[in-house]
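Raw contents of structure15.txt, compact mmCIF, C-alpha atoms:
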# COMPACT_ATOMS: atom_id res chain seq x y z
CA MET A 1 -82.46 233.58 150.41
CA SER A 2 -82.94 235.84 153.42
CA ALA A 3 -86.17 234.05 154.39
CA HIS A 4 -84.38 230.71 154.24
CA ALA A 5 -81.40 232.00 156.22
CA SER A 6 -83.60 233.33 158.99
CA THR A 7 -85.05 229.84 159.64
CA VAL A 8 -81.65 228.52 160.71
CA ASP A 9 -81.11 228.88 164.42
CA PRO A 10 -77.33 229.16 164.93
CA LYS A 11 -77.63 227.75 168.44
CA LYS A 12 -79.33 224.55 167.25
CA ALA A 13 -77.80 224.12 163.81
CA GLU A 14 -75.69 220.98 163.35
CA LEU A 15 -72.61 221.96 161.41
CA TRP A 16 -70.85 218.58 161.71
CA ASP A 17 -72.10 215.13 160.91
CA THR A 18 -71.45 213.49 164.26
CA HIS A 19 -73.22 210.20 163.52
CA HIS A 20 -71.10 207.08 163.48
CA HIS A 21 -70.79 205.56 160.02
CA SER A 22 -69.58 201.97 159.99
CA HIS A 23 -66.77 201.55 157.48
CA ASP A 24 -66.69 198.31 155.51
CA VAL A 25 -62.97 197.58 155.78
CA ILE A 26 -63.14 194.17 154.07
CA SER A 27 -64.99 195.45 150.98
CA THR A 28 -62.65 198.44 150.65
CA ARG A 29 -59.64 196.13 150.71
CA THR A 30 -61.09 193.55 148.30
CA LEU A 31 -61.99 196.26 145.74
CA GLY A 32 -58.51 197.74 146.04
CA TYR A 33 -56.95 194.31 145.60
CA PHE A 34 -59.19 193.59 142.61
CA LEU A 35 -57.93 196.79 140.92
CA TYR A 36 -54.36 195.64 141.62
CA LEU A 37 -55.15 192.27 140.02
CA LEU A 38 -56.46 194.06 136.91
CA SER A 39 -53.12 195.88 136.64
CA ASP A 40 -51.53 192.42 136.93
CA GLY A 41 -53.78 191.52 133.98
CA MET A 42 -52.16 194.39 132.03
CA LEU A 43 -48.76 192.79 132.75
CA PHE A 44 -50.06 189.65 131.06
CA ALA A 45 -51.48 191.77 128.20
CA THR A 46 -47.98 193.04 127.40
CA LEU A 47 -46.56 189.50 127.59
CA PHE A 48 -49.32 188.14 125.32
CA ALA A 49 -48.63 191.02 122.91
CA ALA A 50 -44.90 190.18 122.95
CA TYR A 51 -45.68 186.51 122.29
CA GLY A 52 -48.07 187.55 119.49
CA VAL A 53 -45.38 189.53 117.64
CA LEU A 54 -42.67 186.92 118.34
CA SER A 55 -44.55 183.80 117.24
CA TYR A 56 -44.04 184.17 113.49
CA GLN A 57 -42.01 181.54 111.67
CA HIS A 58 -38.97 183.84 111.39
CA SER A 59 -39.13 184.57 115.18
CA TYR A 60 -37.77 181.08 115.91
CA PHE A 61 -34.62 181.72 113.86
CA GLY A 62 -34.77 178.28 112.27
CA GLY A 63 -34.84 176.65 115.73
CA PRO A 64 -37.57 174.64 117.46
CA THR A 65 -41.15 175.99 117.50
CA PRO A 66 -43.91 175.09 120.02
CA ALA A 67 -45.38 172.82 117.32
CA GLU A 68 -42.35 170.55 117.80
CA PHE A 69 -42.25 170.24 121.60
CA VAL A 70 -45.72 171.02 123.05
CA LYS A 71 -47.47 167.88 124.34
CA PRO A 72 -51.19 168.83 124.57
CA TRP A 73 -52.27 166.04 126.94
CA TYR A 74 -49.35 166.69 129.31
CA THR A 75 -50.30 170.37 129.55
CA PHE A 76 -53.96 169.34 129.86
CA ALA A 77 -52.97 167.42 133.03
CA GLN A 78 -51.44 170.68 134.33
CA THR A 79 -54.71 172.45 133.47
CA ILE A 80 -56.80 169.97 135.47
CA ALA A 81 -54.40 170.15 138.46
CA LEU A 82 -54.74 173.96 138.54
CA PHE A 83 -58.53 173.91 138.06
CA LEU A 84 -58.90 171.30 140.86
CA SER A 85 -56.69 173.45 143.11
CA VAL A 86 -58.98 176.43 142.45
CA LEU A 87 -62.01 174.21 143.15
CA ALA A 88 -60.49 173.00 146.45
CA TYR A 89 -59.87 176.60 147.54
CA GLY A 90 -63.48 177.41 146.63
CA PHE A 91 -64.73 174.52 148.78
CA GLY A 92 -62.49 175.79 151.59
CA MET A 93 -64.08 179.25 151.32
CA ASN A 94 -67.51 177.61 151.46
CA ALA A 95 -66.44 176.02 154.76
CA LEU A 96 -65.45 179.52 155.98
CA LYS A 97 -69.02 180.61 155.25
CA HIS A 98 -70.18 178.02 157.81
CA LYS A 99 -67.37 178.95 160.29
CA ASN A 100 -65.85 175.50 159.71
CA LYS A 101 -62.16 176.01 160.45
CA SER A 102 -61.00 172.43 159.76
CA GLY A 103 -62.96 172.40 156.48
CA LEU A 104 -61.24 175.62 155.42
CA ILE A 105 -57.76 174.31 156.30
CA ASN A 106 -58.42 170.99 154.51
CA GLY A 107 -59.55 172.89 151.41
CA MET A 108 -56.46 175.10 151.48
CA LEU A 109 -54.15 172.11 152.00
CA ALA A 110 -55.74 170.35 149.00
CA ALA A 111 -55.37 173.57 146.97
CA PHE A 112 -51.71 173.74 148.03
CA VAL A 113 -50.94 170.11 147.07
CA LEU A 114 -52.66 170.44 143.66
CA GLY A 115 -50.86 173.74 143.05
CA VAL A 116 -47.55 171.97 143.80
CA VAL A 117 -48.53 169.26 141.28
CA PHE A 118 -49.08 172.00 138.66
CA LEU A 119 -45.72 173.59 139.43
CA VAL A 120 -43.80 170.27 139.45
CA LEU A 121 -45.31 169.36 136.04
CA ASP A 122 -44.24 172.80 134.74
CA ILE A 123 -40.68 172.50 136.09
CA HIS A 124 -40.38 168.96 134.68
CA ASP A 125 -41.59 170.26 131.29
CA MET A 126 -39.06 173.11 131.30
CA SER A 127 -36.15 170.90 132.39
CA HIS A 128 -37.12 168.43 129.62
CA LEU A 129 -36.90 171.28 127.08
CA TYR A 130 -33.55 172.32 128.57
CA SER A 131 -32.22 168.74 128.21
CA MET A 132 -33.16 168.92 124.50
CA GLY A 133 -31.11 172.11 124.18
CA ILE A 134 -34.19 174.38 123.99
CA THR A 135 -33.63 177.35 126.30
CA ILE A 136 -34.93 180.88 126.79
CA ALA A 137 -31.99 182.07 124.63
CA SER A 138 -32.70 179.77 121.64
CA SER A 139 -34.67 182.45 119.74
CA GLY A 140 -36.92 185.48 120.21
CA GLY A 141 -39.95 183.21 119.90
CA MET A 142 -38.66 180.90 122.65
CA SER A 143 -37.91 183.92 124.89
CA ALA A 144 -41.51 185.13 124.54
CA PHE A 145 -42.89 181.59 125.09
CA MET A 146 -40.85 180.93 128.23
CA VAL A 147 -41.25 184.38 129.80
CA LEU A 148 -45.04 184.25 129.42
CA THR A 149 -45.47 180.69 130.75
CA GLN A 150 -42.93 181.11 133.57
CA VAL A 151 -44.35 184.47 134.74
CA HIS A 152 -47.64 182.59 135.20
CA ALA A 153 -45.77 179.79 137.04
CA THR A 154 -44.15 182.45 139.27
CA HIS A 155 -47.64 183.68 140.19
CA ILE A 156 -48.49 180.10 141.21
CA PHE A 157 -45.29 179.87 143.29
CA PHE A 158 -46.09 183.03 145.27
CA GLY A 159 -49.73 181.95 145.57
CA LEU A 160 -48.57 178.68 147.19
CA ILE A 161 -46.49 180.62 149.75
CA TRP A 162 -49.51 182.83 150.44
CA ILE A 163 -51.70 179.73 150.99
CA LEU A 164 -49.22 178.39 153.60
CA VAL A 165 -49.11 181.79 155.34
CA MET A 166 -52.91 181.92 155.48
CA ILE A 167 -53.17 178.37 156.86
CA ALA A 168 -50.80 179.44 159.67
CA GLN A 169 -52.72 182.69 160.29
CA VAL A 170 -56.11 180.95 160.43
CA MET A 171 -54.70 178.38 162.90
CA THR A 172 -53.13 181.01 165.18
CA LYS A 173 -55.44 184.04 164.85
CA GLY A 174 -58.77 182.47 163.88
CA PHE A 175 -61.41 184.33 161.90
CA THR A 176 -60.61 188.01 162.46
CA GLU A 177 -61.42 190.91 160.13
CA GLU A 178 -57.79 190.81 158.91
CA THR A 179 -57.57 187.06 158.23
CA VAL A 180 -61.00 186.84 156.58
CA GLY A 181 -60.16 189.84 154.37
CA ARG A 182 -56.88 188.19 153.35
CA LEU A 183 -58.65 184.89 152.62
CA LEU A 184 -60.99 186.80 150.29
CA THR A 185 -58.13 188.54 148.46
CA LEU A 186 -56.27 185.21 148.16
CA ARG A 187 -59.44 183.69 146.69
CA MET A 188 -59.48 186.43 144.02
CA PHE A 189 -55.76 185.96 143.32
CA TRP A 190 -55.95 182.16 143.11
CA HIS A 191 -59.09 182.07 140.99
CA LEU A 192 -57.69 184.69 138.59
CA GLN A 193 -54.70 182.40 137.94
CA ALA A 194 -57.14 179.86 136.44
CA VAL A 195 -58.64 182.57 134.20
CA ILE A 196 -55.19 183.61 132.93
CA TRP A 197 -54.19 179.96 132.48
CA VAL A 198 -57.12 179.46 130.06
CA PHE A 199 -55.56 182.14 127.80
CA VAL A 200 -52.05 180.69 128.22
CA TYR A 201 -53.19 177.12 127.54
CA ILE A 202 -55.39 177.90 124.50
CA PHE A 203 -53.44 180.70 122.80
CA VAL A 204 -49.86 179.74 123.66
CA TYR A 205 -49.76 175.95 124.10
CA LEU A 206 -52.57 174.70 121.84
CA TRP A 207 -52.30 177.43 119.17
CA GLY A 208 -48.51 177.00 119.21
CA TYR A 209 -49.02 173.25 118.73
CA ILE A 210 -51.22 173.65 115.62
CA SER A 211 -49.33 176.52 113.95
CA MET C 1 -77.13 193.61 154.80
CA SER C 2 -75.84 194.31 158.28
CA HIS C 3 -72.20 193.50 158.61
CA GLY C 4 -69.47 194.84 160.79
CA ALA C 5 -66.35 193.91 162.65
CA ALA C 6 -68.36 191.72 165.03
CA ASP C 7 -68.31 188.58 162.87
CA PRO C 8 -66.27 188.85 159.67
CA THR C 9 -67.49 185.45 158.44
CA MET C 10 -70.95 187.03 158.04
CA HIS C 11 -69.55 189.51 155.51
CA PRO C 12 -71.50 189.30 152.21
CA GLU C 13 -68.35 188.48 150.22
CA VAL C 14 -67.85 185.41 152.41
CA GLN C 15 -71.53 184.46 152.37
CA LEU C 16 -71.82 184.55 148.55
CA SER C 17 -69.64 181.39 148.29
CA THR C 18 -71.49 178.33 147.04
CA SER C 19 -70.01 174.88 146.45
CA LYS C 20 -72.39 174.43 143.51
CA GLY C 21 -71.12 177.63 141.84
CA TYR C 22 -67.47 176.67 142.30
CA PHE C 23 -68.14 173.18 140.97
CA LEU C 24 -70.00 174.55 137.92
CA GLY C 25 -67.10 176.94 137.20
CA PHE C 26 -64.69 174.00 137.39
CA ALA C 27 -66.83 171.56 135.38
CA ILE C 28 -67.63 173.97 132.52
CA SER C 29 -64.05 175.21 132.06
CA ALA C 30 -62.50 171.72 132.45
CA PHE C 31 -64.95 170.26 129.89
CA LEU C 32 -64.19 173.04 127.37
CA MET C 33 -60.42 172.54 127.80
CA LEU C 34 -60.96 168.79 127.25
CA VAL C 35 -62.89 169.49 124.02
CA ALA C 36 -60.19 171.92 122.80
CA THR C 37 -57.38 169.46 123.60
CA PHE C 38 -59.21 166.58 121.91
CA LEU C 39 -59.88 168.60 118.73
CA VAL C 40 -56.28 169.82 118.56
CA THR C 41 -54.77 166.33 118.95
CA SER C 42 -57.22 164.57 116.60
CA HIS C 43 -56.33 166.87 113.65
CA SER C 44 -59.92 166.48 112.39
CA VAL C 45 -60.59 170.21 111.83
CA PRO C 46 -58.59 172.48 109.44
CA PRO C 47 -56.23 174.91 111.27
CA PHE C 48 -58.23 178.14 110.84
CA GLY C 49 -61.52 176.51 111.86
CA LEU C 50 -59.68 174.88 114.77
CA LEU C 51 -58.37 178.26 115.94
CA MET C 52 -61.93 179.64 115.86
CA VAL C 53 -63.32 176.68 117.82
CA ILE C 54 -60.66 176.72 120.55
CA SER C 55 -61.00 180.54 120.81
CA VAL C 56 -64.73 180.08 121.48
CA CYS C 57 -63.88 177.37 124.07
CA ALA C 58 -61.49 179.82 125.79
CA GLY C 59 -64.10 182.63 125.69
CA ILE C 60 -66.88 180.55 127.26
CA ALA C 61 -64.51 179.03 129.87
CA VAL C 62 -63.29 182.49 130.91
CA ILE C 63 -66.84 183.88 131.15
CA ALA C 64 -67.90 180.86 133.27
CA GLN C 65 -64.89 181.31 135.58
CA ILE C 66 -65.41 185.07 135.92
CA TYR C 67 -69.08 184.54 136.79
CA PHE C 68 -68.84 181.49 139.05
CA LEU C 69 -65.37 181.95 140.61
CA LEU C 70 -64.82 185.72 140.73
CA HIS C 71 -68.52 186.43 141.42
CA ILE C 72 -68.66 189.19 138.80
CA ASP C 73 -72.31 190.18 138.51
CA ILE C 74 -74.52 193.24 138.96
CA SER C 75 -75.44 192.63 142.62
CA GLU C 76 -75.06 195.58 144.97
CA HIS C 77 -71.94 194.16 146.52
CA ASN C 78 -70.01 193.37 143.34
CA ILE C 79 -71.07 196.14 140.97
CA TRP C 80 -67.79 198.08 141.27
CA ASN C 81 -65.72 194.96 140.60
CA THR C 82 -67.86 194.44 137.50
CA VAL C 83 -67.49 198.07 136.35
CA ALA C 84 -63.69 197.88 136.82
CA LEU C 85 -63.49 194.60 134.87
CA VAL C 86 -65.71 195.87 132.02
CA LEU C 87 -63.53 198.99 131.67
CA PHE C 88 -60.40 196.82 131.88
CA ILE C 89 -61.34 194.52 128.97
CA PRO C 90 -60.91 197.21 126.21
CA LEU C 91 -57.49 198.16 127.62
CA PHE C 92 -56.45 194.49 127.58
CA LEU C 93 -57.65 193.92 124.00
CA ILE C 94 -56.28 197.24 122.66
CA THR C 95 -52.82 196.55 124.16
CA ILE C 96 -52.59 193.12 122.54
CA GLY C 97 -54.43 193.97 119.31
CA LEU C 98 -52.63 197.20 118.41
CA THR C 99 -49.20 195.80 119.28
CA TRP C 100 -49.82 192.73 117.14
CA TRP C 101 -51.17 194.91 114.27
CA MET C 102 -48.18 197.29 114.34
CA PHE C 103 -45.65 194.46 114.21
CA SER C 104 -47.52 192.52 111.52
CA GLN C 105 -47.43 195.70 109.37
CA LEU C 106 -43.74 196.14 110.13
CA TYR C 107 -42.96 192.56 109.11
CA LEU C 108 -45.01 192.97 105.92
CA ARG C 109 -43.00 196.02 104.86
CA THR C 110 -39.52 194.90 105.88
CA MET C 111 -39.13 191.17 106.37
CA ASP C 112 -40.28 189.51 103.14
CA MET C 113 -38.29 191.78 100.78
CA SER C 114 -34.92 191.53 102.49
CA VAL C 115 -35.08 187.96 103.81
CA MET C 116 -36.91 186.25 100.98
CA SER C 117 -35.17 187.97 98.05
CA SER C 118 -31.67 187.52 99.41
CA VAL C 119 -32.37 183.85 100.10
CA THR C 120 -34.07 182.95 96.81
CA ASN C 121 -32.56 185.37 94.30
CA PRO C 122 -29.58 187.52 95.33
CA ALA C 123 -29.80 189.69 92.20
CA VAL C 124 -33.27 191.01 93.15
CA HIS C 125 -32.06 192.27 96.50
CA ALA C 126 -30.67 195.68 95.53
CA SER C 127 -33.48 196.71 93.17
CA ALA C 128 -36.49 195.24 95.04
CA ALA C 129 -35.59 196.61 98.46
CA PRO C 130 -33.63 199.82 97.97
CA LYS C 131 -34.29 200.99 101.54
CA MET C 132 -32.67 197.90 103.00
CA SER C 133 -29.38 198.75 101.26
CA ASP C 134 -29.32 202.07 103.12
CA MET C 135 -29.28 200.27 106.46
CA PRO C 136 -25.93 199.64 108.18
CA GLY C 137 -24.45 196.32 107.17
CA MET C 138 -26.85 195.79 104.30
CA GLY C 139 -25.00 197.90 101.70
CA SER C 140 -21.71 196.09 102.18
CA SER C 141 -23.19 192.58 101.96
CA PRO C 142 -21.88 190.28 99.21
CA ASP C 143 -25.36 190.20 97.60
CA SER C 144 -25.50 193.89 96.77
CA ALA C 145 -21.85 193.92 95.69
CA ASN C 146 -22.76 191.57 92.81
So, in terms of structure tokens, how does the structure I just supplied come out?
Amino acid sequence: MSAHASTVDPKKAELWDTHHHSHDVISTRTLGYFLYLLSDGMLFATLFAAYGVLSYQHSYFGGPTPAEFVKPWYTFAQTIALFLSVLAYGFGMNALKHKNKSGLINGMLAAFVLGVVFLVLDIHDMSHLYSMGITIASSGGMSAFMVLTQVHATHIFFGLIWILVMIAQVMTKGFTEETVGRLLTLRMFWHLQAVIWVFVYIFVYLWGYIS
Amino acid sequence: MSHGAADPTMHPEVQLSTSKGYFLGFAISAFLMLVATFLVTSHSVPPFGLLMVISVCAGIAVIAQIYFLLHIDISEHNIWNTVALVLFIPLFLITIGLTWWMFSQLYLRTMDMSVMSSVTNPAVHASAAPKMSDMPGMGSSPDSAN
């Protein structure tokens, strides 16, 4: 110990790390946003659990069940609209890779239009149910069905607003560290909606249709 | 792997985008949803087998989307996203699975006795489900008065 200590010259010793370390701001933000999205996934876990325990025969209180009103091919059209929207956003991000601003904005506009198609089909579906007298208050099973599907639709709604905001920011600010970071987090958000929709479509719409 | 504030479009998370990957993610998941929808509407498979098949369709579609769209892999840049997702999956499954199990047990022990017996045979109600008669409202029902 003493031999080691004597080799340190107090006048030359570096007590502080004075080197400049570059901090990867974008990666820090995208990891943080990914963790937030996983907590959003836990929100969906609770809603899927609620639907699971409220999709028994007695949960519908003698009223309509998804088997009576789900139209698989109609909801399949919604599925394709959402998947194409996700694909368009992906192509837009590929344009960003090549610094192609118009390609990015075209991709985001296509993603926006297809997302609107998804949302309009959903609203039309819900208003059709309402016209048949099927509402969120019809039974516990219908409450669970509508809350789960409409929470997903609400995610799409806010995603569409976010897409418009990012189109405006890219047009006015260009490719800065802030805008590129936000485009990456929006990509994660938008693509995760397709992942969650697979669960909603298969285990709520299609399973509800066959049970 | 040099990246800084100079040109954010050169950041690895931007550069890992590929049109081919996004298209594959779309094509695989859209095809599997088409297969699931076709099987469900054609009524050609018995319900339990159908549930298994569409569950497998959902599983493969989700894995394809997570790999091709969310770029979850073991590369240096994405490893912590992957670790977070892998640790998230048990939480997701436990939340849904245990909740569903608890309520299915609850229904088994409460629902069939009270609902079924009072509907089909009112006389069975008091003897078959004595605990239900202790609950408020149950003891004063016309069924148990008989």
Met108 of chain A surroundings by only C-alpha atoms, 10 Å radius, close-in-sequence under 6 positions cut, as a list in words: Ser85, Val86, Ala88, Tyr89, Gly90, Phe91, Gly92, Met93, Ser102, Leu114, Leu160, Ile163, Leu164, Met166 and Ile167 of chain A
A:Thr46, A:His23, A:Val120, A:Phe34 ranked by distance to Leu93 of chain C, top pick (using all atoms listed in the file):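 Comparing A:Thr46, A:His23, A:Val120, A:Phe34 against Leu93 of chain C, the winner is A:Thr46.
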Please build the interface table for chain C against chain A with a cut-off of 8 Å, listing for each qualifying residue the nearest atom pair and the distance in Å to one decimal; count all atoms listed in the file, order rows by chain and increasing number, and write it as JSON lines.
{"residue": "C:His3", "atom": "CA", "partner": "A:Asp24", "partner_atom": "CA", "distance": 7.9}
{"residue": "C:Gly4", "atom": "CA", "partner": "A:Asp24", "partner_atom": "CA", "distance": 6.9}
{"residue": "C:Ala5", "atom": "CA", "partner": "A:Glu177", "partner_atom": "CA", "distance": 6.3}
{"residue": "C:Asp7", "atom": "CA", "partner": "A:Thr176", "partner_atom": "CA", "distance": 7.7}
{"residue": "C:Pro8", "atom": "CA", "partner": "A:Glu177", "partner_atom": "CA", "distance": 5.3}
{"residue": "C:Thr9", "atom": "CA", "partner": "A:Lys97", "partner_atom": "CA", "distance": 6.0}
{"residue": "C:Met10", "atom": "CA", "partner": "A:Lys97", "partner_atom": "CA", "distance": 7.3}
{"residue": "C:Glu13", "atom": "CA", "partner": "A:Leu184", "partner_atom": "CA", "distance": 7.5}
{"residue": "C:Val14", "atom": "CA", "partner": "A:Lys97", "partner_atom": "CA", "distance": 5.7}
{"residue": "C:Gln15", "atom": "CA", "partner": "A:Lys97", "partner_atom": "CA", "distance": 5.4}
{"residue": "C:Ser17", "atom": "CA", "partner": "A:Asn94", "partner_atom": "CA", "distance": 5.4}
{"residue": "C:Thr18", "atom": "CA", "partner": "A:Asn94", "partner_atom": "CA", "distance": 6.0}
{"residue": "C:Ser19", "atom": "CA", "partner": "A:Phe91", "partner_atom": "CA", "distance": 5.8}
{"residue": "C:Tyr22", "atom": "CA", "partner": "A:Gly90", "partner_atom": "CA", "distance": 5.9}
{"residue": "C:Phe23", "atom": "CA", "partner": "A:Leu87", "partner_atom": "CA", "distance": 6.6}
{"residue": "C:Phe26", "atom": "CA", "partner": "A:Phe83", "partner_atom": "CA", "distance": 6.2}
{"residue": "C:Ala30", "atom": "CA", "partner": "A:Ile80", "partner_atom": "CA", "distance": 6.7}
{"residue": "C:Met33", "atom": "CA", "partner": "A:Phe76", "partner_atom": "CA", "distance": 7.5}
{"residue": "C:Leu34", "atom": "CA", "partner": "A:Phe76", "partner_atom": "CA", "distance": 7.5}
{"residue": "C:Ala36", "atom": "CA", "partner": "A:Ile202", "partner_atom": "CA", "distance": 7.9}
{"residue": "C:Thr37", "atom": "CA", "partner": "A:Pro72", "partner_atom": "CA", "distance": 6.3}
{"residue": "C:Val40", "atom": "CA", "partner": "A:Leu206", "partner_atom": "CA", "distance": 7.0}
{"residue": "C:Thr41", "atom": "CA", "partner": "A:Pro72", "partner_atom": "CA", "distance": 7.1}
{"residue": "C:Pro47", "atom": "CA", "partner": "A:Ile210", "partner_atom": "CA", "distance": 6.8}
{"residue": "C:Leu51", "atom": "CA", "partner": "A:Trp207", "partner_atom": "CA", "distance": 6.9}
{"residue": "C:Ile54", "atom": "CA", "partner": "A:Ile202", "partner_atom": "CA", "distance": 6.7}
{"residue": "C:Ser55", "atom": "CA", "partner": "A:Ile202", "partner_atom": "CA", "distance": 7.2}
{"residue": "C:Ala58", "atom": "CA", "partner": "A:Val198", "partner_atom": "CA", "distance": 6.1}
{"residue": "C:Ala61", "atom": "CA", "partner": "A:Val198", "partner_atom": "CA", "distance": 7.4}
{"residue": "C:Val62", "atom": "CA", "partner": "A:Val195", "partner_atom": "CA", "distance": 5.7}
{"residue": "C:Gln65", "atom": "CA", "partner": "A:Val195", "partner_atom": "CA", "distance": 6.5}
{"residue": "C:Ile66", "atom": "CA", "partner": "A:Val195", "partner_atom": "CA", "distance": 7.4}
{"residue": "C:Leu69", "atom": "CA", "partner": "A:His191", "partner_atom": "CA", "distance": 6.3}
{"residue": "C:Leu70", "atom": "CA", "partner": "A:Met188", "partner_atom": "CA", "distance": 6.3}
{"residue": "C:Trp80", "atom": "CA", "partner": "A:Leu31", "partner_atom": "CA", "distance": 7.5}
{"residue": "C:Asn81", "atom": "CA", "partner": "A:Leu31", "partner_atom": "CA", "distance": 6.5}
{"residue": "C:Ala84", "atom": "CA", "partner": "A:Leu35", "partner_atom": "CA", "distance": 7.2}
{"residue": "C:Leu85", "atom": "CA", "partner": "A:Leu38", "partner_atom": "CA", "distance": 7.3}
{"residue": "C:Phe88", "atom": "CA", "partner": "A:Leu38", "partner_atom": "CA", "distance": 7.0}
{"residue": "C:Leu91", "atom": "CA", "partner": "A:Met42", "partner_atom": "CA", "distance": 7.9}
{"residue": "C:Phe92", "atom": "CA", "partner": "A:Ala45", "partner_atom": "CA", "distance": 5.7}
{"residue": "C:Leu93", "atom": "CA", "partner": "A:Ala45", "partner_atom": "CA", "distance": 7.8}
{"residue": "C:Thr95", "atom": "CA", "partner": "A:Ala45", "partner_atom": "CA", "distance": 6.4}
{"residue": "C:Ile96", "atom": "CA", "partner": "A:Ala49", "partner_atom": "CA", "distance": 4.5}
{"residue": "C:Gly97", "atom": "CA", "partner": "A:Ala49", "partner_atom": "CA", "distance": 7.4}
{"residue": "C:Thr99", "atom": "CA", "partner": "A:Ala49", "partner_atom": "CA", "distance": 6.0}
{"residue": "C:Trp100", "atom": "CA", "partner": "A:Val53", "partner_atom": "CA", "distance": 5.5}
{"residue": "C:Phe103", "atom": "CA", "partner": "A:Val53", "partner_atom": "CA", "distance": 6.0}
{"residue": "C:Ser104", "atom": "CA", "partner": "A:Val53", "partner_atom": "CA", "distance": 7.1}
Closest of A:Leu119, A:Ala137, A:Met142, A:Val151 to Asp40 of chain A - atom-to-atom distances counting only C-alpha atoms: A:Val151
Interatomic distance, atom CA of Gly115 of chain A to atom CA of Phe69 of chain A (Å, one decimal): 23.4 Å
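Our summary of the geometry notes that atom CA of Leu24 of chain C is positioned 7.1 Å from atom CA of Phe68 of chain C.
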Atomic distance atom CA of Asp73 of chain C - atom CA of Val53 of chain C, expressed in Å with one decimal: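 Between these atoms lies a distance of 26.3 Å.
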Test item: residues at most 8 Å from His152 of chain A, all atoms listed in the file, excluding those fewer than 3 positions along its chain, as a list in words: Leu148, Thr149, His155, Ile156, Gln193, Ile196 and Trp197 of chain A
